[in-house]
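entry20.tsv follows; it contains TSV, C-alpha atoms and all ligand atoms.
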```
chain	number	residue	atom	x	y	z
A	1	MET	CA	134.20	-9.87	65.46
A	2	ASN	CA	132.02	-6.77	65.13
A	3	ASP	CA	134.27	-5.05	62.57
A	4	LEU	CA	133.98	-7.66	59.82
A	5	ARG	CA	133.63	-6.33	56.27
A	6	PRO	CA	131.51	-7.84	53.46
A	7	ILE	CA	133.24	-10.66	51.58
A	8	PHE	CA	132.32	-8.83	48.39
A	9	PRO	CA	131.54	-5.21	47.61
A	10	GLU	CA	127.90	-4.23	47.13
A	11	SER	CA	128.27	-4.54	43.36
A	12	VAL	CA	128.63	-8.31	43.70
A	13	ALA	CA	126.66	-9.21	46.80
A	14	THR	CA	123.48	-7.35	45.97
A	15	ALA	CA	120.85	-9.72	47.25
A	16	ARG	CA	120.50	-12.72	49.47
A	17	PRO	CA	121.59	-15.35	48.64
A	18	LEU	CA	125.12	-14.72	47.49
A	19	VAL	CA	125.80	-17.62	45.12
A	20	ILE	CA	129.15	-19.25	44.51
A	21	ALA	CA	129.04	-22.00	41.89
A	22	GLY	CA	131.39	-24.10	39.85
A	23	PRO	CA	132.82	-27.59	39.64
A	24	CYS	CA	134.17	-29.54	42.58
A	25	SER	CA	137.51	-29.73	40.75
A	26	ALA	CA	139.16	-27.98	37.85
A	27	GLU	CA	139.83	-30.91	35.48
A	28	THR	CA	140.74	-29.43	32.10
A	29	GLU	CA	140.88	-25.90	30.74
A	30	GLU	CA	137.95	-26.72	28.50
A	31	GLN	CA	135.75	-28.07	31.31
A	32	VAL	CA	136.52	-25.02	33.48
A	33	LEU	CA	135.81	-22.49	30.73
A	34	SER	CA	132.75	-24.19	29.36
A	35	THR	CA	131.18	-24.45	32.84
A	36	ALA	CA	132.17	-20.87	33.68
A	37	ARG	CA	130.71	-19.41	30.48
A	38	GLN	CA	127.36	-21.08	31.14
A	39	LEU	CA	127.29	-19.97	34.78
A	40	ALA	CA	128.25	-16.39	33.88
A	41	ALA	CA	125.47	-16.28	31.30
A	42	ASP	CA	123.11	-17.33	34.09
A	43	GLY	CA	124.20	-14.44	36.28
A	44	VAL	CA	126.45	-16.28	38.78
A	45	HIS	CA	128.94	-13.79	40.26
A	46	VAL	CA	131.51	-16.03	41.88
A	47	PHE	CA	133.04	-19.11	40.26
A	48	ARG	CA	134.54	-21.91	42.33
A	49	ALA	CA	136.87	-24.75	41.33
A	50	GLY	CA	139.21	-26.82	43.51
A	51	VAL	CA	142.73	-27.20	42.13
A	52	TRP	CA	144.15	-28.97	45.21
A	53	LYS	CA	141.72	-31.62	46.39
A	54	PRO	CA	141.90	-33.06	49.90
A	55	ARG	CA	140.73	-36.63	49.40
A	56	THR	CA	139.78	-38.95	52.21
A	57	LYS	CA	141.11	-41.99	50.40
A	58	PRO	CA	144.45	-42.10	48.57
A	59	GLY	CA	144.33	-42.89	44.89
A	60	CYS	CA	141.45	-40.50	44.13
A	61	PHE	CA	141.95	-37.50	41.84
A	62	GLU	CA	143.91	-34.98	43.89
A	63	GLY	CA	143.55	-31.94	41.66
A	64	VAL	CA	145.44	-30.49	38.70
A	65	GLY	CA	147.52	-28.17	40.89
A	66	ALA	CA	148.79	-24.68	40.09
A	67	VAL	CA	147.99	-24.87	36.37
A	68	GLY	CA	144.32	-24.68	37.37
A	69	LEU	CA	144.94	-21.19	38.76
A	70	GLU	CA	145.83	-20.06	35.23
A	71	TRP	CA	142.50	-21.41	33.99
A	72	LEU	CA	140.73	-19.50	36.77
A	73	GLY	CA	142.61	-16.38	35.62
A	74	ARG	CA	141.14	-16.91	32.18
A	75	VAL	CA	137.65	-17.31	33.62
A	76	LYS	CA	138.10	-14.00	35.41
A	77	ARG	CA	139.31	-12.17	32.30
A	78	GLU	CA	136.76	-13.67	29.93
A	79	THR	CA	133.61	-13.68	32.03
A	80	GLY	CA	134.18	-10.99	34.65
A	81	MET	CA	133.22	-13.41	37.44
A	82	LYS	CA	135.19	-13.45	40.68
A	83	VAL	CA	137.11	-16.70	41.17
A	84	ALA	CA	137.51	-18.88	44.24
A	85	THR	CA	139.56	-21.93	45.18
A	86	GLU	CA	140.48	-24.03	48.22
A	87	VAL	CA	143.77	-23.57	50.06
A	88	ALA	CA	145.24	-25.95	52.62
A	89	THR	CA	148.93	-25.01	52.94
A	90	ARG	CA	151.03	-21.84	52.96
A	91	GLU	CA	152.30	-22.70	49.46
A	92	HIS	CA	148.71	-22.81	48.19
A	93	VAL	CA	148.10	-19.37	49.72
A	94	ALA	CA	151.22	-17.87	48.11
A	95	LEU	CA	150.24	-19.26	44.70
A	96	ALA	CA	146.60	-18.15	45.02
A	97	LEU	CA	147.62	-14.61	46.01
A	98	GLU	CA	150.09	-14.45	43.14
A	99	ALA	CA	147.48	-15.69	40.66
A	100	GLY	CA	144.96	-13.01	41.67
A	101	ILE	CA	142.37	-15.40	43.08
A	102	ASP	CA	139.55	-13.29	44.58
A	103	LEU	CA	138.41	-15.57	47.39
A	104	VAL	CA	139.67	-18.71	49.09
A	105	TRP	CA	137.89	-21.34	51.16
A	106	ILE	CA	139.30	-23.68	53.72
A	107	GLY	CA	138.12	-27.28	53.55
A	108	ALA	CA	136.49	-29.29	56.33
A	109	ARG	CA	139.54	-31.49	56.89
A	110	THR	CA	141.80	-28.45	57.24
A	111	THR	CA	139.52	-26.51	59.61
A	112	ALA	CA	139.75	-29.47	61.98
A	113	ASN	CA	143.52	-28.99	62.35
A	114	PRO	CA	144.59	-25.99	64.47
A	115	PHE	CA	148.24	-26.22	63.29
A	116	ALA	CA	147.15	-26.02	59.66
A	117	MET	CA	144.75	-23.18	60.52
A	118	GLN	CA	147.47	-21.17	62.22
A	119	GLU	CA	149.79	-21.69	59.24
A	120	LEU	CA	147.04	-20.46	56.89
A	121	ALA	CA	146.23	-17.48	59.10
A	122	ASP	CA	149.92	-16.50	59.12
A	123	ALA	CA	150.17	-16.90	55.35
A	124	LEU	CA	146.98	-14.93	54.65
A	125	GLY	CA	147.62	-12.21	57.24
A	126	GLY	CA	148.52	-8.90	55.65
A	127	SER	CA	146.34	-9.61	52.62
A	128	ASP	CA	142.71	-8.50	52.33
A	129	MET	CA	141.61	-11.86	50.96
A	130	PRO	CA	138.01	-12.93	51.66
A	131	VAL	CA	138.20	-16.31	53.42
A	132	LEU	CA	135.38	-18.81	53.83
A	133	VAL	CA	135.82	-21.46	56.49
A	134	LYS	CA	133.99	-24.76	56.12
A	135	ASN	CA	132.81	-26.47	59.28
A	136	PRO	CA	135.30	-29.04	60.61
A	137	VAL	CA	134.52	-32.71	60.01
A	138	SER	CA	133.46	-33.15	63.64
A	139	PRO	CA	130.40	-31.29	64.99
A	140	ASP	CA	132.48	-28.99	67.20
A	141	VAL	CA	131.51	-25.30	67.25
A	142	ASP	CA	134.64	-24.33	69.20
A	143	LEU	CA	136.89	-25.83	66.55
A	144	TRP	CA	134.97	-23.99	63.84
A	145	SER	CA	134.93	-20.61	65.58
A	146	GLY	CA	138.55	-21.16	66.71
A	147	ALA	CA	139.63	-21.47	63.08
A	148	LEU	CA	137.80	-18.22	62.27
A	149	GLU	CA	139.36	-16.48	65.28
A	150	ARG	CA	142.86	-17.41	64.11
A	151	LEU	CA	142.14	-15.68	60.79
A	152	TYR	CA	140.59	-12.70	62.55
A	153	ASN	CA	143.58	-12.38	64.87
A	154	ALA	CA	145.85	-12.36	61.80
A	155	GLY	CA	144.01	-9.22	60.65
A	156	LEU	CA	141.57	-10.73	58.17
A	157	ARG	CA	138.17	-9.04	58.20
A	158	ARG	CA	136.38	-10.43	55.16
A	159	LEU	CA	135.34	-13.73	56.69
A	160	ALA	CA	132.41	-16.10	56.36
A	161	ALA	CA	131.53	-19.65	57.34
A	162	ILE	CA	130.36	-22.52	55.12
A	163	HIS	CA	128.09	-25.16	56.60
A	164	ARG	CA	128.71	-28.43	54.73
A	165	GLY	CA	127.43	-30.92	57.31
A	166	PHE	CA	129.08	-33.67	59.34
A	167	PRO	CA	129.90	-37.27	58.47
A	168	THR	CA	128.23	-39.83	60.75
A	169	LEU	CA	128.33	-43.58	61.15
A	170	GLY	CA	125.40	-45.48	59.78
A	171	LYS	CA	123.27	-45.02	56.75
A	172	THR	CA	121.55	-41.64	56.38
A	173	PRO	CA	120.01	-39.93	53.36
A	174	TYR	CA	122.86	-37.40	53.43
A	175	ARG	CA	126.55	-37.68	52.70
A	176	ASN	CA	127.06	-35.32	55.64
A	177	GLN	CA	124.35	-34.85	58.30
A	178	PRO	CA	123.11	-31.26	58.40
A	179	MET	CA	123.02	-31.01	62.24
A	180	TRP	CA	121.52	-27.54	61.85
A	181	SER	CA	121.96	-26.76	65.54
A	182	ILE	CA	125.73	-26.40	64.97
A	183	PRO	CA	125.62	-23.46	62.50
A	184	ILE	CA	122.78	-21.98	64.55
A	185	GLU	CA	125.06	-22.00	67.59
A	186	LEU	CA	127.85	-20.43	65.51
A	187	ARG	CA	125.43	-17.66	64.51
A	188	ARG	CA	124.45	-17.12	68.14
A	189	ARG	CA	128.10	-16.71	69.07
A	190	LEU	CA	129.18	-14.67	66.03
A	191	PRO	CA	126.03	-12.87	64.82
A	192	GLU	CA	127.90	-10.64	62.37
A	193	LEU	CA	129.55	-13.55	60.53
A	194	PRO	CA	127.87	-14.47	57.22
A	195	ILE	CA	127.07	-18.17	56.79
A	196	LEU	CA	126.78	-19.93	53.43
A	197	GLY	CA	125.14	-23.31	52.95
A	198	ASP	CA	126.85	-26.05	50.94
A	199	PRO	CA	123.96	-28.32	49.92
A	200	SER	CA	126.22	-30.23	47.51
A	201	HIS	CA	128.58	-31.72	50.08
A	202	MET	CA	125.76	-32.09	52.59
A	203	GLY	CA	123.43	-34.04	50.33
A	204	GLY	CA	126.06	-35.82	48.28
A	205	ARG	CA	123.32	-36.28	45.66
A	206	ARG	CA	122.10	-33.78	43.10
A	207	ASP	CA	118.43	-34.45	43.84
A	208	LEU	CA	118.92	-33.22	47.42
A	209	VAL	CA	120.56	-29.91	46.47
A	210	GLY	CA	117.32	-27.92	46.05
A	211	SER	CA	115.68	-28.87	49.34
A	212	LEU	CA	118.88	-28.40	51.37
A	213	ALA	CA	119.46	-25.00	49.76
A	214	GLN	CA	115.89	-24.03	50.71
A	215	GLN	CA	116.44	-25.15	54.31
A	216	ALA	CA	119.61	-23.03	54.50
A	217	MET	CA	117.64	-20.02	53.25
A	218	ASP	CA	114.82	-20.68	55.73
A	219	LEU	CA	117.39	-20.55	58.52
A	220	GLY	CA	118.51	-17.13	57.37
A	221	PHE	CA	121.83	-18.14	55.81
A	222	ASP	CA	123.43	-15.44	53.68
A	223	GLY	CA	124.50	-17.44	50.68
A	224	LEU	CA	125.08	-20.77	48.97
A	225	ILE	CA	128.05	-22.57	47.47
A	226	ILE	CA	126.86	-25.16	44.97
A	227	GLU	CA	128.87	-27.53	42.81
A	228	SER	CA	128.05	-27.22	39.13
A	229	HIS	CA	129.75	-28.98	36.22
A	230	CYS	CA	129.11	-28.87	32.46
A	231	THR	CA	128.89	-32.69	32.40
A	232	PRO	CA	128.40	-33.82	36.01
A	233	GLU	CA	128.18	-37.52	35.21
A	234	LYS	CA	131.73	-37.36	33.85
A	235	ALA	CA	133.20	-35.35	36.76
A	236	TRP	CA	136.50	-36.57	38.18
A	237	SER	CA	135.38	-35.91	41.77
A	238	ASP	CA	131.99	-35.69	43.53
A	239	SER	CA	130.17	-36.67	40.35
A	240	ALA	CA	126.88	-37.66	42.05
A	241	GLN	CA	126.31	-34.28	43.71
A	242	GLN	CA	127.09	-31.85	40.90
A	243	VAL	CA	124.37	-30.19	38.84
A	244	THR	CA	124.55	-28.71	35.35
A	245	PRO	CA	124.44	-24.92	35.09
A	246	SER	CA	120.83	-25.11	33.86
A	247	GLU	CA	119.83	-27.37	36.76
A	248	LEU	CA	121.47	-24.83	39.06
A	249	ARG	CA	119.36	-22.10	37.51
A	250	ARG	CA	116.22	-24.12	38.23
A	251	VAL	CA	117.28	-24.68	41.85
A	252	LEU	CA	117.95	-20.97	42.36
A	253	ASP	CA	114.73	-19.89	40.64
A	254	ALA	CA	112.71	-22.24	42.85
A	255	LEU	CA	114.12	-20.83	46.10
A	256	VAL	CA	111.65	-19.02	48.31
A	257	ILE	CA	113.45	-16.27	50.19
A	258	ARG	CA	111.54	-15.49	53.36
A	259	ASP	CA	112.21	-12.70	55.78
A	260	VAL	CA	113.65	-14.74	58.61
A	261	THR	CA	113.41	-12.03	61.23
A	262	ALA	CA	109.71	-11.58	60.47
A	263	SER	CA	108.99	-15.26	61.05
A	264	GLY	CA	110.74	-15.16	64.40
A	265	GLU	CA	114.29	-16.31	64.92
A	266	GLU	CA	113.32	-18.42	67.91
A	267	LEU	CA	110.70	-20.29	65.89
A	268	VAL	CA	113.17	-20.91	63.06
A	269	ARG	CA	115.71	-22.24	65.55
A	270	LEU	CA	113.16	-24.53	67.19
A	271	ARG	CA	112.00	-25.87	63.84
A	272	ALA	CA	115.59	-26.67	62.94
A	273	GLU	CA	115.90	-28.55	66.20
A	274	ILE	CA	112.76	-30.56	65.40
A	275	ASP	CA	114.13	-31.38	61.93
A	276	GLU	CA	117.35	-32.58	63.48
A	277	VAL	CA	115.60	-34.80	66.02
A	278	ASP	CA	113.32	-36.23	63.30
A	279	ASP	CA	116.38	-37.02	61.17
A	280	GLN	CA	117.83	-38.87	64.13
A	281	LEU	CA	114.57	-40.76	64.62
A	282	VAL	CA	114.71	-41.95	61.02
A	283	GLU	CA	118.30	-43.04	61.45
A	284	LEU	CA	117.53	-44.84	64.72
A	285	LEU	CA	114.54	-46.63	63.24
A	286	HIS	CA	116.69	-47.74	60.34
A	287	ARG	CA	119.25	-49.11	62.79
A	288	ARG	CA	116.49	-50.78	64.77
A	289	MET	CA	115.15	-52.57	61.66
A	290	THR	CA	118.65	-53.63	60.62
A	291	VAL	CA	119.10	-55.36	63.97
A	292	SER	CA	115.64	-56.93	63.65
A	293	ARG	CA	116.62	-58.45	60.32
A	294	LYS	CA	119.80	-59.85	61.88
A	295	ILE	CA	117.70	-61.43	64.62
A	296	GLY	CA	115.45	-62.83	61.88
A	297	ARG	CA	118.46	-64.51	60.28
A	298	TYR	CA	119.58	-65.90	63.63
A	299	LYS	CA	116.14	-67.31	64.38
A	300	LYS	CA	115.99	-68.87	60.94
A	301	GLN	CA	119.35	-70.58	61.37
A	302	HIS	CA	118.33	-71.92	64.76
A	303	ALA	CA	114.78	-72.83	63.72
A	304	MET	CA	113.28	-70.56	66.35
A	305	SER	CA	109.82	-69.01	66.20
A	306	ILE	CA	109.61	-65.33	65.41
A	307	LEU	CA	107.16	-64.19	68.01
A	308	GLN	CA	108.42	-64.54	71.55
A	309	THR	CA	105.67	-63.09	73.64
A	310	ASP	CA	107.51	-62.87	76.95
A	311	ARG	CA	110.34	-60.89	75.45
A	312	TYR	CA	107.88	-58.52	73.78
A	313	LYS	CA	105.91	-57.96	77.00
A	314	GLU	CA	109.10	-57.25	78.90
A	315	LEU	CA	110.29	-54.77	76.27
A	316	LEU	CA	106.96	-52.97	76.25
A	317	ALA	CA	106.84	-52.65	80.04
A	318	HIS	CA	110.45	-51.49	80.35
A	319	ARG	CA	110.21	-48.73	77.76
A	320	SER	CA	106.81	-47.56	78.96
A	321	ASP	CA	108.18	-47.30	82.51
A	322	ALA	CA	111.14	-45.31	81.21
A	323	ALA	CA	108.86	-42.98	79.25
A	324	GLU	CA	106.63	-42.46	82.25
A	325	ALA	CA	109.66	-41.65	84.40
A	326	LEU	CA	110.49	-38.89	81.91
A	327	GLY	CA	107.00	-37.47	82.26
A	328	MET	CA	105.65	-38.86	79.00
A	329	ASP	CA	102.32	-40.50	78.39
A	330	ARG	CA	102.43	-44.28	78.85
A	331	ASP	CA	99.78	-45.00	76.19
A	332	PHE	CA	101.61	-42.84	73.67
A	333	MET	CA	104.82	-44.81	74.20
A	334	GLU	CA	102.99	-48.15	74.03
A	335	SER	CA	101.39	-47.28	70.70
A	336	ILE	CA	104.72	-46.27	69.20
A	337	LEU	CA	106.41	-49.42	70.45
A	338	ARG	CA	103.57	-51.53	69.09
A	339	ILE	CA	103.99	-50.07	65.58
A	340	ILE	CA	107.74	-50.59	65.72
A	341	HIS	CA	107.27	-54.15	66.91
A	342	GLU	CA	104.80	-54.92	64.10
A	343	GLU	CA	107.25	-53.65	61.50
A	344	SER	CA	110.04	-55.61	63.14
A	345	ILE	CA	108.00	-58.82	62.91
A	346	ARG	CA	107.20	-58.05	59.28
A	347	GLN	CA	110.90	-57.62	58.53
A	348	GLN	CA	111.73	-60.93	60.24
A	349	MET	CA	108.98	-62.74	58.33
A	350	GLU	CA	110.50	-61.50	55.11
A	351	ILE	CA	113.83	-63.04	56.09
A	352	ILE	CA	112.33	-66.35	57.17
A	353	GLU	CA	110.21	-66.69	54.04
A	354	LYS	CA	113.17	-65.98	51.78
A	355	LYS	CA	114.56	-69.16	50.27
A	401	LIG	C1	134.98	-29.01	48.12
A	401	LIG	O1	134.41	-27.94	48.35
A	401	LIG	O2	135.10	-29.51	47.01
A	401	LIG	C2	135.48	-29.81	49.29
A	401	LIG	C3	136.52	-30.62	49.20
A	401	LIG	O3	134.72	-29.63	50.37
A	401	LIG	P1	134.79	-30.20	51.88
A	401	LIG	O4	136.01	-29.62	52.49
A	401	LIG	O5	133.52	-29.64	52.42
A	401	LIG	O6	134.79	-31.69	51.82
A	402	MN	MN	133.55	-31.44	46.12
```
Show me the file's structure as structure tokens.
Amino acid sequence: MNDLRPIFPESVATARPLVIAGPCSAETEEQVLSTARQLAADGVHVFRAGVWKPRTKPGCFEGVGAVGLEWLGRVKRETGMKVATEVATREHVALALEAGIDLVWIGARTTANPFAMQELADALGGSDMPVLVKNPVSPDVDLWSGALERLYNAGLRRLAAIHRGFPTLGKTPYRNQPMWSIPIELRRRLPELPILGDPSHMGGRRDLVGSLAQQAMDLGFDGLIIESHCTPEKAWSDSAQQVTPSELRRVLDALVIRDVTASGEELVRLRAEIDEVDDQLVELLHRRMTVSRKIGRYKKQHAMSILQTDRYKELLAHRSDAAEALGMDRDFMESILRIIHEESIRQQMEIIEKK
């Protein structure tokens, strides 16, 4: 893909990061215009709003449909911003092209489906539409790059990827786990492809947007797509993760843009790997404590004592042997296990003491 062209001409994409902002969904003409006017006044160049919403569960708001494209047309005329929406079928593409939409993105659920991707590539082929492809819902780089290749093979050259994270089982601080190593691998394979971060869908909470946007910048991403709504708490979809236009301004102003090449790409990549492993450690420890509490409940029901020394000794020996076999320090492993065990006992005491 070494003949890709910029998704926007120089006049729009002047500096890193390129920012796309706007509500998750177009809800009413008023909501779209009011949000757009505030964002335009704040210097945002590209406005996003979903008019067809792929929802995981039926019964949720599924978008206003084609009428929303007319509202986006008004945004374009009134504010001069470029406008973007999500497409998932060939009908969506035809309507978006007809309405003069400037950029389309492909959602995570669609990227995961090669049939849908081929249909979209066929429908978009022959146009010069900039297309942003979100990562698929599973952490599969081949599926992600395969979707981009289908578009490329259809003749599209203004392409970029959006990293929005990956859903996982179990409780994590994020709606979608960042798994930074996946976009890093995509960059290794397709170095000329711009990557935008989507801290809104990754965090799922507005208070996480700033730090996730900063992490994306630290990894050398080219831009950000952030959900912003004039009244986020009243949003019809993804209410918890949207920020007001003024909150968005604060997030963008606080970003520190470092020269990634100067700090060493290898170091950046390794730090991302550490972050990912640490996130997994947190998740594992949470799982570990959840099981401990279940054991606490069991022991309570069966009037058993909490501390069972033999079991603890056995556990300590087993894990320390395993660590040693991997070339790790035995004392290091024992101290970690001891801290975990202490916390586990504390958790069980809490259960037992509860009336
Ligand atoms: C969106 O951008 O509103 C959206 C539906 O995103 P995703 O495909 O990442 O869930
Ligand atoms: Mn959304």
Problem set entry | Within 9 Å of ligand LIG 401 (chain A), counting all atoms listed in the file, residues as a ChimeraX atom specification | /A:23-25,48-50,52-56,85-86,105-111,134-137,162-165,198,200-202,225-227,237-238
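Using all atoms listed in the file, the residues found no farther than 8 Å from segment 166-168 of chain A, other than those of its own chain fewer than 4 positions away, are A:Pro136, A:Val137, A:Ser138, A:Pro139, A:Arg175, A:Asn176, A:Gln177, A:Pro178, A:Met179, A:Met202.
The space between atom CA of Phe221 of chain A and atom CA of Gly197 of chain A spans 6.8 Å.
Using all atoms listed in the file, the nearest neighbour of ligand MN 402 (chain A) within the list A:Gly22, A:Gly327, A:Gly65, A:Gly146 is A:Gly22.
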Could you check which residues have any atom within 12 Å of (122.1, -23.4, 73.0), counting all atoms listed in the file with coordinates taken straight from the file, and then list them as a tab-separated table (two decimals) with C-alpha atoms, keeping the file's coordinate frame?
```
chain	number	residue	atom	x	y	z
A	141	VAL	CA	131.51	-25.30	67.25
A	180	TRP	CA	121.52	-27.54	61.85
A	181	SER	CA	121.96	-26.76	65.54
A	182	ILE	CA	125.73	-26.40	64.97
A	183	PRO	CA	125.62	-23.46	62.50
A	184	ILE	CA	122.78	-21.98	64.55
A	185	GLU	CA	125.06	-22.00	67.59
A	186	LEU	CA	127.85	-20.43	65.51
A	187	ARG	CA	125.43	-17.66	64.51
A	188	ARG	CA	124.45	-17.12	68.14
A	189	ARG	CA	128.10	-16.71	69.07
A	266	GLU	CA	113.32	-18.42	67.91
A	269	ARG	CA	115.71	-22.24	65.55
A	270	LEU	CA	113.16	-24.53	67.19
A	273	GLU	CA	115.90	-28.55	66.20
```
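Interatomic distance, atom CA of His229 of chain A against atom CA of Leu148 of chain A: 29.3 Å.
Near segment 274-290 of chain A, within 10 Å and counting all atoms listed in the file, sit Gly170, Lys171, Thr172, Pro173, Gln177, Pro178, Met179, Trp180, Ser181, Val268, Gly296, Ile340, His341, Glu343, Ser344, Ile345, Arg346, Gln347 and Gln348 of chain A; same-chain residues fewer than 6 positions away were not included.
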Exercise. Smallest atom-to-atom distance to Gly204 of chain A: which of A:Ala216, A:Val243, A:Leu190, A:Val104, using all atoms listed in the file?
Worked result: A:Val243
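Proximity to Asp222 of chain A at 8 Å, evaluated using all atoms listed in the file and with sequence-adjacent residues fewer than 3 positions away removed, yields Arg16, Pro17, Leu18, Pro194, Ile195, Leu196 and Met217 of chain A.
With distances taken over all atoms listed in the file, A:Glu62 is the one residue among A:Ser335, A:Ala160, A:Tyr152, A:Glu62 lying closest to ligand MN 402 (chain A).
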Problem set entry | Of the listed residues A:Ala235, A:Leu143, A:Ala88, A:Leu159, that which approaches Thr28 of chain A most closely, counting all atoms listed in the file | A:Ala235
For this session: For atom CA of Val133 of chain A and atom CA of Ala213 of chain A, quote the distance in Å rounded to one decimal.
Result: 18.0 Å
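The smallest atom-to-atom distance between ligand MN 402 (chain A) and any of A:Val131, A:Met328, A:Leu248, A:Val51, using all atoms listed in the file, is found for A:Val51.
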For this session: Would you kindly return, as a ChimeraX atom specification, each protein, DNA or RNA residue with an atom no farther than 12 Å from any atom of Trp71 of chain A, considering all atoms listed in the file and excluding same-chain residues fewer than 5 positions away?
Result: /A:25-36,47-51,64-66,76-79,83-85,99-101
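If all atoms listed in the file are the atoms counted, then among A:Leu95, A:Gly63, A:Thr231, A:Val256 the closest residue to ligand MN 402 (chain A) is A:Gly63.
By all atoms listed in the file, and with residues fewer than 6 positions from Pro245 of chain A along its chain excluded, the set lying at most 8 Å from it is Thr35, Gln38, Leu39, Asp42, Ser228, His229 and Cys230 of chain A.
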How big is the axis-aligned box, and where does its centre sit, when it encloses all atoms of segment 215-230 of chain A listed in the file and has 6 Å added on every side, reported in Å to one decimal as AutoDock Vina command-line options?
```
--center_x 122.3 --center_y -22.2 --center_z 45.5 --size_x 26.9 --size_y 25.5 --size_z 38.1
```
